[in-house]
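Engineer: I have a structure I would like to understand better, so I am pasting it below and will then ask my questions one at a time.
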Amino acid sequence: TSCLCLSQTVIVLLVATFYTWFLPVTSPQRILIDPQAAPEYAHSIRLDGDIILGGLFPVHSRGDRGTPCGELKKEKGIHRLEAMMFAIDLINKDPELLPNITLGARILDTCSRDTYALEQSLTFVQALIERDGSDVRCANGDPPIFTKPDKIVGVIGAAASSVSIMVANILRLFKIPQISYASTAPELSDNTRYDFFSRVVPPDSYQAQAMMDIVTAMEWNYVSTLASEGNYGESGVEAFIQISRETGGVCIAQSLKIPREPRPGEFDKIIRRLLETSNARAIIMFANEDDIRRVLDAAKRNNQTGHFLWVGSDSWGSKISPVIGQERVAEGAITILPKRASVDAFDRYFRSRSLSNNRRNVWFAEFWEENFNCKLGMHGKRPGSLKKCTGLEKVGRDSSYEQEGKVQFVMDAVYAMAHALHRMHRELCYGYAGLCPRMANNIDGKELLSHIRAVSFNGSAGTPVVFNENGDAPGRYDIFQYQITNKSIAEYRVIGSWTNKLHLKVEAMQWRTGDPSLPASICSIPCRAGERKKVVKGVPCCWHCERCEGYHFQASEFTCELCPYEMRPDINRTGCVPIPIIKLEWHSPWAIIPVFISMLGIIATSFVIVTFVRYNDTPIVRASGREMSYVLLTGIFLCYAITFLMIATPDVGVCSFRRIFLGLGMCFSYAALLTKTNRIHRIFEQGKKSVTAPRFISPASQLVITFSLISVQLLGVFVWFAVDPPHTVVDYGEQRTQDPLAARGVLKCDISDLSLICSLGYSILLMVTCTVYAIKTRGVPETFNEAKPIGFTMYTTCIIWLAFIPIFFGTSQSAERMYIQTTTLTISLSLSASVSLGMLYMPKVYIILFHPEQNVPKRKRSFKAIVTAATMSGKLSQKGDRPNGEVKTELCESMETNSE
């Protein structure tokens with residue numbers, strides 16, 4: 001016996017030494033096996049069979065420092081390994097699957113520790129190593145006897161990704177296929193490094209994509225990640241971060257790691273660090289359930305209940321242990337779990353297990369004590385318990401029972417191996433009952449792997465079991481939310497699923513009790529319409545919002561552009577709309593006043609014309625120069641009438657008439673007055689020299705002179721027409737205010753201020769010249785032939801136009817420019833016409849209508865007598881010898897008679 005034990009120890013040492021040569025390539029750790037310690041942890045389950053499968057399960061948790069194994073894991077350990085044995089039982093009873101072939105098993109405890117699992121997995125490769133007994137001798141000199149180890153053709157497991165990675169490194173050296181039921185690290189998808197590894201659960205790369213889709217659906221763009229140190233947590237977070245970089249739109253505020261051996265206060269420190277980016281409320285967690293529970297507890301201690309929005313991976317899933325006692329802080333947590341279903345047959349099987357019928361499970365007695373909180377005899381594992389086990393306890397009756405979530409996948413992994421062996425047997429041993437020599441002597445692991453990758457069947461829960469080229473199962477997940485109902489009952493509720501695409505029932509989600517609103521986890525609030533994002537450098541999810549000012553609109557999410565000149569931003573500043581076009585309306589106060597004055601002036605002018613026509617042959621009408629009076633009255637009428645053209649809606653016709661009549665009315669008026677004052681001046685200048693009358697003082701001559709002056713104005717207008725034909729324009733600059741909403745385009749005739757002054761300039765020149773002559777004839781006695789009324793008219797008119805010029809040009813920058821200038825111009829024209837009408841014609845009309853006794857003819861005199869009498873009358877009038885009216889009438893009549 002001692003020789004046999006020594007031989008086994010040497011084999012283990014040889015395998016360990018062999019592995020240490022390869023380990024630097026596959027793992028940074030080196031394993032040293034203590035030969036004395038090996039038997040202490042040699043507990044395993046062995047089931048005989050034609051084909052032996054290996055099994056790796058976390059029957060115990062990780063032990064404290066110095067010990068490899070800790071407390072028993074009832075669900076993750078016992079449930080899962082029993083699921084493997086149950087699946088083997090079903091396969092062995094199935095006449096269609098591996099007929100006449102019995103499956104056996106060698107099941108080991110990994111103790112949730114990768115290094116310990118590696119030591120245990122050396123058992124699986126013992127049969128594949130040649131034994132050299134030349135240096136081994138028994139005490140009596142006989143050659144050693146070696147026990148034949150089990151030849152493992154495939155391994156089911158392990159659970160933790162870190163354990164599977166460690167074990168996969170050695171199994172691939174001996175070409176032993178491995179199918180995991182729970183390892184989800186994306187690293188294991190690398191078919192160049194883990195080519196003999198397969199799994200019936202989807203990798204975390206799918207899970208990370210599902211979690212990213214959840215974050216996107218919730219409109220969160222600023223999240224933090226939290227991972228347990230190790231392959232599972234770090235690989236899952238790395239996959240999530242990689243997807244966020246590729247897709248964009250989600251930024252990682254912080255990426256924190258939970259140490260493998262956390263120090264006291266470590267979790268409080270993690271919570272404080274997460275609060276440094278308080279806007280990142282969503283926390284993406286790839287952590288084991290112990291770390292999840294301690295993180296939630298730290299959040300509760302730091303009064304952060306309801307702040308964080310937890311998004312947990314399948315390690316959280318729908319487990320009760322992480323959230324028990326801290327339901328409020330976990331409320332609203334979204335968790336993900338590979339799609340699964342409870343296997344009813346396993347429930348019936350496991351509930352029927354007892355100490356008497358389950359002796360093949362070497363850990364079942366320990367489970368019994370743990371499950372029923374009792375003690376089995378003096379050597380029980382629970383010395384502190386006073387209650388003794390009776391052995392009559394029943395699972396599910398005397399203790400709570402709920403099927404562990406990965407039971408389905410354990411059974412699927414066993415069945416996947418069985419289906420692959422069945423395909424291989426059908427190919428190599430067709431028509432052969434039991435194992436043929438080609439399979440009995442040696443099962444090629446590489447060939448078996450190809451059959452594993454090709455299997456396709458419905459698993460224990462009715463879902464398809466298939467593998468891709470990397471040995472990964474398709475991604476199928478259920479999405480849960482931890483909710484507290486109105487009855488204060490906390491439970492996980494299915495709110496969606498993910499199968500290559502997210503299907504989420506947002507209406508079924510519930511956050512803080514009674515709060516239906518969707519919580520936010522964003523760095524910056526979305527910019528409002530008309531605001532562009534100014535992104536913070538290096539953090540595309542954080543930005544400042546800047547308003548598109550002035551005439552700029554929001555062209556894209558990040559830019560503002562200037563609207564075309566004739567357009568302005570709409571009310572939301574998301575586009576441009578045409579600037580409203582306005583004109584001077586008839587109902588505007590700026591138009592009502594000029595129109596009212598013009599209408600009064602037109603009525604008064606028409607009344608004067610009618611009166612003069614009716615009393616055309618009376619002395620006063622004849623004395624005022626009938627022909628020139630009608631020309632002057634026509635000009636006055638046109639000055640009033642131009643108001644209507646200036647207010648009318650601009651078009652080509654209106655603009656044409658504006659050009660013609662704008663200066664024509666003044667030209668008529670001041671041409672006639674200039675001709676009159678010039679005639680008076682020439683008469684009296686000529687009278688000082690001789691008794692002969694000057695030339696061109698007859699009515700016909702006066703009309704010719706007047707219309708000659710008027711023709712100059714018309715000639716200038718026709719030249720203007722030829723050089724620049726009249727047309728309308730919309731002036732967007734006149735009322736382009738700082739506030740685009742107040743901007744207006746002004747519809748106007750294409751007449752610039754310079755053109756306007758040029759059009760009126762000739763009439764102003766006539767007015768100034770007429771004023772000069774009025775000054776020169778101011779000495780004519782008794783207002784001879786209207787000399788003084790004309791003078792007063794011209795003085796007043798000059799004052800009006802001197803006031804007009806600064807008002808007109810001083811308001812050129814005003815937003816009300818169109819109204820002020822148009823109103824000022826029309827009122828100035830109307831006032832000029834009113835002054836002429838009032839001073840020159842209203843006194844005559846008054847005499848004609850109310851004092852007809854003064855409208856009588858006087859005797860006729862010669863030109864010299866008239867001039868002499870006028871001179872003398874001026875002197876006499878200073879002494880008050882004769883009434884002014886009499887002299888005036890006489891002189892006027894005499895001048896009119898002589899001029900005829």
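How things are named: the first chain in the structure tokens is A, the next is B, and so on; residues count from 1 in each chain; ligands count from 1 in the order shown.
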Just the residues within 7 Å of A:His552, please, counting only C-alpha atoms, with nothing from its chain fewer than 4 positions along; format it as a list in words.

Structural biologist: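 Selected residues are Cys548, Cys560, Glu561, Leu562, Cys563 and Pro569 of chain A.
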
Engineer: Give me a file of those residues, with N, CA, C and O atoms, as a PDB file, in the first residue's frame.

Structural biologist:
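Okay, result-v4.pdb is ready:
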ATOM      1  N   CYS A 548     -28.077  80.400 -30.091  1.00  0.00           N
ATOM      2  CA  CYS A 548     -27.772  81.003 -31.389  1.00  0.00           C
ATOM      3  C   CYS A 548     -28.339  82.417 -31.378  1.00  0.00           C
ATOM      4  O   CYS A 548     -29.562  82.611 -31.332  1.00  0.00           O
ATOM      5  N   CYS A 560     -24.156  76.897 -35.284  1.00  0.00           N
ATOM      6  CA  CYS A 560     -25.140  77.915 -35.634  1.00  0.00           C
ATOM      7  C   CYS A 560     -24.688  78.568 -36.943  1.00  0.00           C
ATOM      8  O   CYS A 560     -23.491  78.797 -37.135  1.00  0.00           O
ATOM      9  N   GLU A 561     -25.633  78.874 -37.814  1.00  0.00           N
ATOM     10  CA  GLU A 561     -25.309  79.524 -39.077  1.00  0.00           C
ATOM     11  C   GLU A 561     -26.194  80.741 -39.267  1.00  0.00           C
ATOM     12  O   GLU A 561     -27.279  80.842 -38.693  1.00  0.00           O
ATOM     13  N   LEU A 562     -25.705  81.678 -40.104  1.00  0.00           N
ATOM     14  CA  LEU A 562     -26.413  82.927 -40.353  1.00  0.00           C
ATOM     15  C   LEU A 562     -27.480  82.702 -41.410  1.00  0.00           C
ATOM     16  O   LEU A 562     -27.229  82.083 -42.453  1.00  0.00           O
ATOM     17  N   CYS A 563     -28.672  83.218 -41.139  1.00  0.00           N
ATOM     18  CA  CYS A 563     -29.754  83.119 -42.111  1.00  0.00           C
ATOM     19  C   CYS A 563     -29.441  83.992 -43.335  1.00  0.00           C
ATOM     20  O   CYS A 563     -28.703  84.970 -43.228  1.00  0.00           O
ATOM     21  N   PRO A 569     -34.341  83.940 -38.224  1.00  0.00           N
ATOM     22  CA  PRO A 569     -34.624  82.661 -37.552  1.00  0.00           C
ATOM     23  C   PRO A 569     -36.085  82.565 -37.152  1.00  0.00           C
ATOM     24  O   PRO A 569     -36.735  83.580 -36.846  1.00  0.00           O
TER      25      PRO A 569
END

Engineer: What does the distance between atom CA of A:Cys527 and atom CA of A:Glu549 come to in Å, to one decimal place?

Structural biologist: 14.5 Å

Engineer: Which residues, written as number ranges by chain, have at least one atom at most 8 Å from stretch 537-547 of chain A, with only C-alpha atoms counted and residues fewer than 3 positions away on the same chain left out?

Structural biologist: A: 221-222, 249-251, 522-524, 527, 530-534

Engineer: Next, write the just-selected residues to a file, as a compact mmCIF listing (two decimals), in the first residue's frame, keeping all heavy atoms as the atom set.

Structural biologist:
# COMPACT_ATOMS: atom_id res chain seq x y z
N ASN A 221 -26.69 58.73 -20.88
CA ASN A 221 -25.46 58.85 -21.65
C ASN A 221 -24.22 59.08 -20.79
O ASN A 221 -23.14 59.35 -21.30
CB ASN A 221 -25.58 59.98 -22.69
CG ASN A 221 -25.67 61.35 -22.04
OD1 ASN A 221 -25.67 61.49 -20.81
ND2 ASN A 221 -25.74 62.38 -22.85
N TYR A 222 -24.39 58.99 -19.47
CA TYR A 222 -23.27 59.25 -18.57
C TYR A 222 -23.39 58.26 -17.43
O TYR A 222 -24.26 58.39 -16.56
CB TYR A 222 -23.36 60.69 -18.07
CG TYR A 222 -22.08 61.24 -17.48
CD1 TYR A 222 -20.88 61.17 -18.17
CD2 TYR A 222 -22.09 61.87 -16.24
CE1 TYR A 222 -19.73 61.71 -17.64
CE2 TYR A 222 -20.92 62.42 -15.70
CZ TYR A 222 -19.75 62.32 -16.42
OH TYR A 222 -18.59 62.86 -15.90
N GLY A 249 -22.14 57.91 -27.92
CA GLY A 249 -23.38 58.33 -27.26
C GLY A 249 -23.45 58.03 -25.79
O GLY A 249 -24.32 58.53 -25.10
N VAL A 250 -22.55 57.18 -25.27
CA VAL A 250 -22.52 56.86 -23.85
C VAL A 250 -21.09 57.07 -23.37
O VAL A 250 -20.14 56.52 -23.95
CB VAL A 250 -22.98 55.42 -23.56
CG1 VAL A 250 -22.83 55.10 -22.08
CG2 VAL A 250 -24.43 55.22 -24.00
N CYS A 251 -20.95 57.86 -22.33
CA CYS A 251 -19.62 58.16 -21.78
C CYS A 251 -19.48 57.50 -20.41
O CYS A 251 -20.44 57.38 -19.66
CB CYS A 251 -19.42 59.67 -21.64
SG CYS A 251 -19.47 60.53 -23.23
N ILE A 522 -27.40 61.67 -16.94
CA ILE A 522 -26.77 62.40 -18.04
C ILE A 522 -25.82 63.43 -17.47
O ILE A 522 -26.04 63.96 -16.38
CB ILE A 522 -27.82 63.07 -18.95
CG1 ILE A 522 -28.74 63.99 -18.14
CG2 ILE A 522 -28.64 62.03 -19.70
CD1 ILE A 522 -29.76 64.74 -18.97
N CYS A 523 -24.80 63.73 -18.23
CA CYS A 523 -23.81 64.71 -17.77
C CYS A 523 -24.37 66.12 -17.92
O CYS A 523 -24.22 66.95 -17.03
CB CYS A 523 -22.51 64.57 -18.57
SG CYS A 523 -21.21 65.71 -18.05
N SER A 524 -24.98 66.38 -19.05
CA SER A 524 -25.54 67.70 -19.31
C SER A 524 -26.95 67.54 -19.83
O SER A 524 -27.25 66.59 -20.56
CB SER A 524 -24.70 68.45 -20.36
OG SER A 524 -23.35 68.57 -19.93
N CYS A 527 -29.78 70.37 -24.82
CA CYS A 527 -29.95 71.78 -25.19
C CYS A 527 -31.35 71.98 -25.76
O CYS A 527 -31.92 71.11 -26.43
CB CYS A 527 -28.90 72.19 -26.22
SG CYS A 527 -27.22 72.22 -25.56
N GLY A 530 -32.73 75.79 -30.71
CA GLY A 530 -32.05 77.05 -30.96
C GLY A 530 -30.76 77.20 -30.19
O GLY A 530 -30.16 78.28 -30.22
N GLU A 531 -30.33 76.14 -29.49
CA GLU A 531 -29.08 76.18 -28.76
C GLU A 531 -28.13 75.12 -29.31
O GLU A 531 -28.55 74.02 -29.62
CB GLU A 531 -29.30 75.93 -27.26
CG GLU A 531 -30.10 77.02 -26.58
CD GLU A 531 -30.31 76.74 -25.09
OE1 GLU A 531 -30.15 75.57 -24.69
OE2 GLU A 531 -30.63 77.68 -24.36
N ARG A 532 -26.87 75.46 -29.43
CA ARG A 532 -25.88 74.51 -29.91
C ARG A 532 -25.07 73.97 -28.74
O ARG A 532 -24.96 74.63 -27.69
CB ARG A 532 -24.94 75.17 -30.93
CG ARG A 532 -23.91 76.10 -30.33
CD ARG A 532 -22.99 76.64 -31.39
NE ARG A 532 -21.90 77.44 -30.84
CZ ARG A 532 -20.70 76.96 -30.56
NH1 ARG A 532 -20.44 75.69 -30.77
NH2 ARG A 532 -19.75 77.73 -30.05
N LYS A 533 -24.52 72.79 -28.94
CA LYS A 533 -23.72 72.16 -27.90
C LYS A 533 -22.26 72.59 -28.07
O LYS A 533 -21.70 72.46 -29.15
CB LYS A 533 -23.81 70.64 -27.99
CG LYS A 533 -25.16 70.07 -27.62
CD LYS A 533 -25.13 68.55 -27.73
CE LYS A 533 -26.47 67.94 -27.37
NZ LYS A 533 -26.47 66.48 -27.51
N LYS A 534 -21.68 73.05 -26.99
CA LYS A 534 -20.24 73.31 -26.94
C LYS A 534 -19.65 72.22 -26.06
O LYS A 534 -19.72 72.27 -24.85
CB LYS A 534 -19.96 74.70 -26.37
CG LYS A 534 -18.49 75.08 -26.45
CD LYS A 534 -18.26 76.49 -25.95
CE LYS A 534 -16.78 76.87 -26.06
NZ LYS A 534 -16.53 78.24 -25.54

Engineer: Enumerate, in order of chain and increasing residue number, the residues of stretch 232-327 of chain A with an atom no farther than 12 Å from stretch 485-494 of chain A, each with its shortest atom pair and distance in Å to one decimal, counting only C-alpha atoms, as a tab-separated table.

Structural biologist:
residue	atom	partner	partner_atom	distance
A:Trp316	CA	A:Tyr492	CA	11.1
A:Gly317	CA	A:Tyr492	CA	9.0
A:Ser318	CA	A:Tyr492	CA	6.2
A:Lys319	CA	A:Tyr492	CA	8.7
A:Ile320	CA	A:Glu491	CA	8.7
A:Val323	CA	A:Ala490	CA	9.5
A:Ile324	CA	A:Ala490	CA	9.4
A:Gly325	CA	A:Ala490	CA	10.6
A:Gln326	CA	A:Ala490	CA	10.2
A:Glu327	CA	A:Ala490	CA	6.7

Engineer: For a test of reading the model, state the distance in Å between atom CA of A:Asn191 and atom CA of A:Arg113, rounded to one decimal.

Structural biologist: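 According to the coordinates, atom CA of A:Asn191 and atom CA of A:Arg113 are separated by 23.9 Å.
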
Engineer: List every residue of stretch 58-152 of chain A that has an atom at most 12 Å from any atom of stretch 281-303 of chain A, and for each one report the closest atom pair and its distance in Å to one decimal, counting only C-alpha atoms, with rows sorted by chain and then by increasing residue number, as a Markdown table.

Structural biologist:
| residue | atom | partner | partner_atom | distance |
| --- | --- | --- | --- | --- |
| A:Ser61 | CA | A:Asp290 | CA | 10.9 |
| A:Arg62 | CA | A:Asp290 | CA | 11.6 |
| A:Lys76 | CA | A:Glu289 | CA | 11.7 |
| A:Ser112 | CA | A:Asn288 | CA | 11.4 |

Engineer: Atom CA of A:Ser755 and atom CA of A:Pro806, how far apart in Å?

Structural biologist: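 Atom-to-atom, atom CA of A:Pro806 and atom CA of A:Ser755 are spaced 16.9 Å apart.
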
Engineer: With a cut-off of 12 Å, could you pull out the residues of stretch 52-103 of chain A touching stretch 255-264 of chain A and give me the nearest pair of atoms for each, distance in Å to one decimal, using only C-alpha atoms, ordered by chain and ascending number, as a Markdown table?

Structural biologist:
| residue | atom | partner | partner_atom | distance |
| --- | --- | --- | --- | --- |
| A:Arg62 | CA | A:Arg260 | CA | 11.2 |
| A:Gly63 | CA | A:Glu261 | CA | 11.8 |
| A:Asp64 | CA | A:Glu261 | CA | 10.1 |
| A:Arg65 | CA | A:Glu261 | CA | 9.8 |

Engineer: Once you have the residues from the selection above, write them out as an mmCIF file, in the first residue's frame, restricted to C-alpha atoms.

Structural biologist:
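Resulting contents of selection_22.cif:
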data_model
loop_
_atom_site.group_PDB
_atom_site.id
_atom_site.type_symbol
_atom_site.label_atom_id
_atom_site.label_comp_id
_atom_site.auth_asym_id
_atom_site.auth_seq_id
_atom_site.Cartn_x
_atom_site.Cartn_y
_atom_site.Cartn_z
ATOM 1 C CA ARG A 62 -13.333 30.590 -1.140
ATOM 2 C CA GLY A 63 -11.711 30.053 2.211
ATOM 3 C CA ASP A 64 -10.081 32.608 4.419
ATOM 4 C CA ARG A 65 -6.399 33.258 4.092
#

Engineer: Go through A:Thr463, A:Asn468, A:Ser342, A:Thr822 and flag the residue nearest A:Gln403, using only C-alpha atoms for the distances.

Structural biologist: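 Among the listed residues, the smallest separation from A:Gln403 belongs to A:Ser342.
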
Engineer: Check the DSSP output for the backbone and give back, as a ChimeraX atom specification, the residues of stretch 428-656 of chain A in strand (DSSP E).

Structural biologist: /A:457-458,464-465,477-484,490-498,502-504,531-536,539-547,552-554,560-562,567-569,576-578,581-582

Engineer: Using only C-alpha atoms, can you tell me which of A:Phe467, A:Tyr795, A:Tyr415, A:Tyr762 comes closest to A:Leu97?

Structural biologist: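 Counting only C-alpha atoms, the residue closest to A:Leu97 is A:Tyr415.
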
Engineer: At a cut-off of 12 Å, using only C-alpha atoms, what residues contact A:Pro68? Leave out same-chain residues fewer than 4 positions from it and give the result as a PyMOL selection string.

Structural biologist: chain A and resi 37-38+40-41+58+60-64+109-117+119-120

Engineer: Just want the 10 Å neighbourhood of stretch 90-92 of chain A, counted on only C-alpha atoms, with same-chain residues fewer than 2 positions away dropped. Output as a VMD selection string.

Structural biologist: chain A and resid 49 84 to 88 94 to 104 411 414 to 415 418 to 419

Engineer: Just write the chosen residues, C-alpha atoms, as a tab-separated table (two decimals), in the first residue's frame.

Structural biologist:
chain	number	residue	atom	x	y	z
A	49	GLY	CA	-19.17	4.34	-16.70
A	84	MET	CA	-24.97	16.93	-13.63
A	85	MET	CA	-25.59	13.58	-11.97
A	86	PHE	CA	-29.31	13.82	-12.74
A	87	ALA	CA	-28.56	14.56	-16.41
A	88	ILE	CA	-26.18	11.57	-16.55
A	94	ASP	CA	-32.41	7.10	-22.69
A	95	PRO	CA	-32.47	4.31	-25.30
A	96	GLU	CA	-32.01	6.79	-28.14
A	97	LEU	CA	-29.03	8.72	-26.83
A	98	LEU	CA	-25.78	6.74	-26.50
A	99	PRO	CA	-27.54	3.35	-26.45
A	100	ASN	CA	-25.63	0.57	-24.68
A	101	ILE	CA	-23.11	3.15	-23.48
A	102	THR	CA	-22.95	4.33	-19.90
A	103	LEU	CA	-21.71	7.74	-18.91
A	104	GLY	CA	-19.69	8.11	-15.73
A	411	MET	CA	-27.92	19.83	-17.80
A	414	VAL	CA	-23.96	17.45	-20.10
A	415	TYR	CA	-26.43	16.81	-22.89
A	418	ALA	CA	-23.61	13.40	-24.79
A	419	HIS	CA	-24.96	14.47	-28.20

Engineer: Can you pull out every residue from stretch 151-271 of chain A that DSSP, working from the backbone, puts in helix (DSSP H, G or I), and format the result as a PyMOL selection string?

Structural biologist: chain A and resi 161-174+186-189+204-217+231-247+266-271

Engineer: In terms of the shortest atom-to-atom distance over only C-alpha atoms, which of A:Ser698, A:Ser44, A:Ser606, A:Ser180 is closest to A:Asn361?

Structural biologist: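 Between A:Ser698, A:Ser44, A:Ser606, A:Ser180, the residue approaching A:Asn361 most closely is A:Ser44.
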